[in-house]
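Trainee: Sharing a structure here in structure tokens format.
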Amino acid sequence: MSAEHILDRLKYVEVESTRDRLVLEMDNRPDLANVRGALQGGLVATLIDIAAGILAGRHTGVGYDVTTADLNIHFLAPVLGRARAEATVVRAGKRLIVTAVDVTDVDRNRPAARATLTFAVLEPR
């Protein structure tokens, strides 16, 4: 019996993907919403971290991993509909990778959050 990973329960989907850009979308649902019906802020942060982390991982060598070292989010407006996270690479170095992520409420065509993340590159085990 295999257990579903907690992140699989978010049901985010990859919409666009290149080496330097990744777009993920996730629906706001009652089980993910706060008491006002908006996508819970911690889940917006999680979507941001997932998108940026996948993208940062593309800039490492074989066997290397990345881990979030710094995450700064400015929440601009609630996400009442579908959330779109657009991650881009700002700078990819040997030890650190910096990314930016913009989150939009797709249904309202409204900016919802802007984030920058720094990932530490981990040596192969």
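Labels for the structure tokens follow display order: chains A, B, ..., residues from 1 in each chain, ligands from 1.
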Using the chain letters and numbers from this document, which residues of chain A does DSSP assign to strand (DSSP E or B), as a JSON list (two decimals) with C-alpha atoms, in the first residue's frame?
Mentor:
```json
[["chain", "number", "residue", "atom", "x", "y", "z"],
["A", 13, "VAL", "CA", -0.50, 21.19, -12.42],
["A", 14, "GLU", "CA", 2.42, 22.24, -14.58],
["A", 15, "VAL", "CA", 1.22, 24.68, -17.24],
["A", 16, "GLU", "CA", 4.50, 25.80, -18.79],
["A", 17, "SER", "CA", 8.07, 24.67, -18.38],
["A", 21, "ARG", "CA", 10.72, 29.46, -16.25],
["A", 22, "LEU", "CA", 8.09, 27.26, -14.65],
["A", 23, "VAL", "CA", 4.37, 27.92, -14.30],
["A", 24, "LEU", "CA", 2.21, 25.92, -11.90],
["A", 25, "GLU", "CA", -1.50, 26.33, -11.24],
["A", 26, "MET", "CA", -3.66, 25.16, -8.37],
["A", 33, "ALA", "CA", -9.50, 27.88, 1.77],
["A", 39, "LEU", "CA", -6.60, 30.13, -0.63],
["A", 65, "ASP", "CA", 19.95, 18.79, -4.69],
["A", 66, "VAL", "CA", 18.61, 22.16, -3.57],
["A", 67, "THR", "CA", 17.08, 23.28, -0.31],
["A", 68, "THR", "CA", 15.29, 26.51, 0.51],
["A", 69, "ALA", "CA", 17.67, 28.86, 2.33],
["A", 70, "ASP", "CA", 15.55, 32.03, 2.24],
["A", 71, "LEU", "CA", 11.96, 32.81, 1.30],
["A", 72, "ASN", "CA", 10.47, 36.31, 1.21],
["A", 73, "ILE", "CA", 6.83, 36.76, 0.24],
["A", 74, "HIS", "CA", 4.75, 39.89, -0.17],
["A", 75, "PHE", "CA", 1.07, 38.98, -0.11],
["A", 83, "ALA", "CA", -3.70, 30.38, -8.35],
["A", 84, "ARG", "CA", -0.93, 30.67, -10.95],
["A", 85, "ALA", "CA", 2.69, 30.70, -9.77],
["A", 86, "GLU", "CA", 5.24, 31.86, -12.38],
["A", 87, "ALA", "CA", 8.79, 31.12, -11.29],
["A", 88, "THR", "CA", 11.90, 32.49, -13.00],
["A", 89, "VAL", "CA", 15.62, 32.20, -12.34],
["A", 90, "VAL", "CA", 17.26, 35.44, -11.24],
["A", 91, "ARG", "CA", 20.77, 34.02, -10.83],
["A", 92, "ALA", "CA", 22.14, 30.49, -10.78],
["A", 96, "LEU", "CA", 23.24, 29.50, -4.44],
["A", 97, "ILE", "CA", 20.33, 29.85, -6.86],
["A", 98, "VAL", "CA", 18.02, 32.86, -6.61],
["A", 99, "THR", "CA", 14.50, 32.72, -8.05],
["A", 100, "ALA", "CA", 11.49, 35.04, -8.27],
["A", 101, "VAL", "CA", 7.86, 33.94, -8.21],
["A", 102, "ASP", "CA", 4.76, 35.95, -9.07],
["A", 103, "VAL", "CA", 1.38, 34.56, -8.03],
["A", 104, "THR", "CA", -1.79, 35.63, -9.82],
["A", 105, "ASP", "CA", -5.44, 34.98, -9.07],
["A", 110, "ARG", "CA", -5.08, 40.09, -10.23],
["A", 111, "PRO", "CA", -1.57, 39.92, -8.73],
["A", 112, "ALA", "CA", -1.76, 38.04, -5.43],
["A", 113, "ALA", "CA", 1.85, 37.65, -4.24],
["A", 114, "ARG", "CA", 5.46, 38.32, -5.18],
["A", 115, "ALA", "CA", 8.31, 36.28, -3.75],
["A", 116, "THR", "CA", 12.05, 35.83, -3.94],
["A", 117, "LEU", "CA", 13.72, 32.62, -2.85],
["A", 118, "THR", "CA", 17.32, 31.57, -2.40],
["A", 119, "PHE", "CA", 18.24, 27.89, -2.64],
["A", 120, "ALA", "CA", 21.43, 26.36, -1.31],
["A", 121, "VAL", "CA", 22.95, 23.77, -3.64],
["A", 122, "LEU", "CA", 23.68, 20.53, -1.76]]
```
Trainee: I'd like to know which residues of chain A are helix (DSSP H, G or I) (by DSSP, run on the backbone); could you write them as a VMD selection string?
Mentor: chain A and resid 6 to 10 41 to 57 106 to 108
Trainee: With only C-alpha atoms as the basis for distance, which of A:Pro30, A:Gly93, A:Pro78, A:Gly63 is at the shortest distance from Arg125 in chain A?
Mentor: A:Gly63
Trainee: Between A:Tyr64, A:Lys94, A:Val106, A:Arg82, which residue has the minimum interatomic distance to Pro124 in chain A, considering only C-alpha atoms?
Mentor: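 Nearest candidate to Pro124 in chain A out of A:Tyr64, A:Lys94, A:Val106, A:Arg82: A:Tyr64.
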Trainee: With distances taken over only C-alpha atoms, which of A:Val79, A:Leu7, A:Asn28, A:Thr18 is nearest to Asp49 in chain A?
Mentor: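 Selected residue with least distance to Asp49 in chain A: A:Leu7.
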Trainee: Mind giving me the straight-line distance from CA of Asn109 in chain A to CA of Leu76 in chain A in Å, one decimal?
Mentor: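 CA of Leu76 in chain A lies at a distance of 12.8 Å from CA of Asn109 in chain A.
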Trainee: So, with only C-alpha atoms as the atoms that count, which of A:Leu32, A:Gly57, A:Lys11, A:Ala38 lies closest to Leu80 in chain A?
Mentor: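 Under the stated criterion, the closest residue is A:Ala38.
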Trainee: Which residue gives the smallest distance to Glu123 in chain A among A:Ile54, A:Val62, A:Ile6, A:Ile48, with only C-alpha atoms counted?
Mentor: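 That would be A:Val62, the residue with the smallest distance to Glu123 in chain A.
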Trainee: To one decimal place, how far is CA of Asp27 in chain A from CA of Asp107 in chain A in Å?
Mentor: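 Distance between the two atoms: 10.1 Å.
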